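Have a look at the structure below before the remarks.
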Amino acid sequence: MDEILHGTYEAARLIVTLDRDLLEIIVLSLKVTLTAVAIASLIGLPMGAWLAVNRFRFRRIVIAVLNALMGLPPVVVGLFVYMMLSRSGPFGAMGLLFTPSAMIIAQVLIITPLIASISHQTIRDLWAQYHDLLISLNATRGQRIMSLLWDGRRALLTAMLAGFGRAVGEVGAIMIVGGNIEHATRVLTTAIALETGRGNFAFAMGLGMVLIAIAVLVNLAIHGLGRTERSSVW
Amino acid sequence: MPTSQGISLPAGPAGPAALGERAESGRAASILPLRLRGAMARARGKVLIGPIDLDITRRGLTIVMGPNGAGKTTLLRLMHGLQRLSAGEIIWSAPQSQVRDRQAFVFQSPVMMRRSVLDNIAYPLVLHGVARADARAQAAEMATEMGLGGLLDQPAPVLSGGEQQKLSLARALIRAPEILFLDEPCANLDGRATREIEAILQKAQGDGTRIVMSTHNMGQARRMAQDVVFMYDGKVHECAEATGFFEDRPKTPEATGFINGDIVE
């Protein structure tokens, strides 16, 4: 109980005093996660819509694999990205290992299937509703996908938020490919893991509370921007 | 058993001039008449409709009638291209590439896009390359003509049934289609909304749009039809001018029973 109270106090102290190290970690966490969510959304949202409107051989298998990839173990992704980016790997010459870029790549791999799968389910339902109309209006395949993405935008925010939630709390993959290097690749989750290992439970608790607060604030901000819950029938 | 072989609806005046007052300048030759020859639709090995021979000429208002399951909706969808043709031919009078853009379809259950009334009506124009501002201006004009002028910024899904069907009509008519297919557009509407929809359709027909509409409503059929296609069991049983069909009596017992209000299964 003392540690929880101490953690709360520590979190408040870190925030009130605008601790420079903490701010640096928060900024890097947000930078890595939001970039990963943006890239994964650019890939996953059209992919989900494309899967919803197109019929092709092995479509069911592709969707089943996509759904299975939602549960991809982050540590395995981290290992895979590490091997790809390490000096002896195919992309070793790019020198990305132990940089925020490597962390973004790992997070994109983890959350793209999640965003694509949720958006596929959302768009599939909308497509069932719009199918005859869009065919009747002679919309091209690209126009159909764009219309579905636009009209489903509020529901698709849920897919993006799910991706954000998974990415911001992820530790296994980014620890492996980022290395948790101070002032370089240390983010909130890896810092919490480090402080817990050191026995600094109060400080780790404080970081955890900051992490939760950030997750909640970003969710609220996106809901606010998307005007979700204001136009319930849309 | 009567068949639909070689039945042709009364031909309208020939040539592009027959389209009357409609703003057709600059448009390619008419896509009508439309001819169906031995047209059939199948699904999972079962014949849904056909074989059907039918001519849809350039002018008029055709009502497709028949009991549930007769194939009215499938026939309309087949002509519009929403239902795959399994056998036979559907022959338009213009190249296939021009056909889809010059026809429209109104569904029994209105499909409301998750947009405002204005953006729903403007949507077909935007799809076909009209600048958004111009499309919205034209849509606003059309909405006002349809009595939806006060609802432009409302989300379309919250409209009443009658308003939704009027929106569907506005969206279908915004590109001045040469032929408009309607699948029981007034099935779920009250008398007032039905009257408004009928007035819109008669105006559209007056403006040169060929109308082919299915209905269960005998009163509506008598009020609106110029030609009647009576379907039964997936086939066209009768095809006649409306006055002859309703006043001189149909030729088949199924059609006679149907217009007498008997239960035709």
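In the structure tokens, chains take letters A, B, ... by order of appearance, with residues numbered from 1 within each chain and ligands from 1 in the order shown.
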
Pull out every residue of chain B sitting within 9 Å of chain A, counting only C-alpha atoms, and send them as a short mmCIF file (atom, residue, chain, number, x, y, z; two decimals) with N, CA and C atoms, in the first residue's frame.
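The resulting file, result-v2.cif, is reproduced below:
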data_model
loop_
_atom_site.label_atom_id
_atom_site.label_comp_id
_atom_site.auth_asym_id
_atom_site.auth_seq_id
_atom_site.Cartn_x
_atom_site.Cartn_y
_atom_site.Cartn_z
N HIS B 80 -30.77 -3.65 -64.85
CA HIS B 80 -29.84 -2.60 -64.40
C HIS B 80 -28.40 -3.11 -64.32
N GLY B 81 -28.23 -4.41 -64.26
CA GLY B 81 -26.87 -4.96 -64.20
C GLY B 81 -26.44 -5.35 -62.80
N LEU B 82 -27.37 -5.34 -61.85
CA LEU B 82 -27.02 -5.76 -60.49
C LEU B 82 -27.13 -7.27 -60.33
N ARG B 100 -24.16 2.14 -68.14
CA ARG B 100 -24.34 2.20 -66.69
C ARG B 100 -24.49 3.63 -66.16
N ASP B 101 -23.73 4.54 -66.75
CA ASP B 101 -23.77 5.91 -66.26
C ASP B 101 -25.06 6.63 -66.61
N GLN B 103 -28.20 5.29 -66.38
CA GLN B 103 -29.38 4.70 -65.74
C GLN B 103 -29.22 4.81 -64.23
N ALA B 104 -30.30 4.64 -63.53
CA ALA B 104 -30.25 4.73 -62.06
C ALA B 104 -31.25 3.76 -61.47
N PHE B 105 -31.08 3.49 -60.17
CA PHE B 105 -31.91 2.49 -59.50
C PHE B 105 -32.30 3.02 -58.13
N VAL B 106 -33.57 2.86 -57.80
CA VAL B 106 -34.03 3.21 -56.45
C VAL B 106 -34.50 1.93 -55.77
N PHE B 107 -33.94 1.67 -54.61
CA PHE B 107 -34.20 0.40 -53.92
C PHE B 107 -35.42 0.51 -53.01
N VAL B 111 -31.03 3.22 -49.30
CA VAL B 111 -29.67 3.09 -48.77
C VAL B 111 -29.19 4.50 -48.41
N MET B 112 -29.06 4.75 -47.13
CA MET B 112 -28.62 6.06 -46.68
C MET B 112 -27.14 6.03 -46.34
N MET B 113 -26.36 6.80 -47.07
CA MET B 113 -24.94 6.88 -46.74
C MET B 113 -24.80 7.70 -45.46
N ARG B 114 -23.75 7.44 -44.72
CA ARG B 114 -23.55 8.14 -43.44
C ARG B 114 -23.01 9.54 -43.68
N ARG B 115 -23.82 10.31 -44.35
CA ARG B 115 -23.45 11.69 -44.69
C ARG B 115 -24.69 12.56 -44.54
N PRO B 124 -23.37 11.16 -56.40
CA PRO B 124 -23.14 10.66 -57.77
C PRO B 124 -22.39 11.67 -58.64
N LEU B 127 -18.72 11.53 -57.66
CA LEU B 127 -18.13 10.29 -58.21
C LEU B 127 -17.74 10.46 -59.67
N HIS B 128 -18.51 11.27 -60.38
CA HIS B 128 -18.25 11.42 -61.81
C HIS B 128 -17.51 12.71 -62.14
N PRO B 155 -28.16 14.56 -40.84
CA PRO B 155 -27.62 13.25 -41.23
C PRO B 155 -28.73 12.44 -41.91
N ALA B 156 -28.44 11.88 -43.07
CA ALA B 156 -29.47 11.18 -43.83
C ALA B 156 -30.12 10.03 -43.06
N PRO B 157 -29.35 9.26 -42.26
CA PRO B 157 -29.99 8.12 -41.59
C PRO B 157 -31.08 8.49 -40.59
N VAL B 158 -31.18 9.76 -40.19
CA VAL B 158 -32.22 10.11 -39.20
C VAL B 158 -33.53 10.57 -39.86
N ALA B 172 -30.88 9.60 -57.31
CA ALA B 172 -30.97 8.85 -58.57
C ALA B 172 -31.17 9.79 -59.75
#

Practice task
Please return as a PyMOL selection string: the residues of stretch 31-237 of chain B that backbone DSSP assigns to alpha helix (DSSP H).
Solution key: chain B and resi 72-80+96-99+117-127+132-145+161-173+191-206+218-224

Exercise for the section: To one decimal in Å, tell me the separation between atom CA of A:Ile61 and atom CA of A:Gly78. Expected result: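 Atom-to-atom, atom CA of A:Ile61 and atom CA of A:Gly78 are spaced 25.2 Å apart.
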
Practice task
Return the single residue from B:Leu61, B:Ile174, B:Met146, B:Leu167 that is closest to B:Arg223, with distances computed using only C-alpha atoms.
Solution key: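 Of all the options, B:Leu61 lies closest to B:Arg223.
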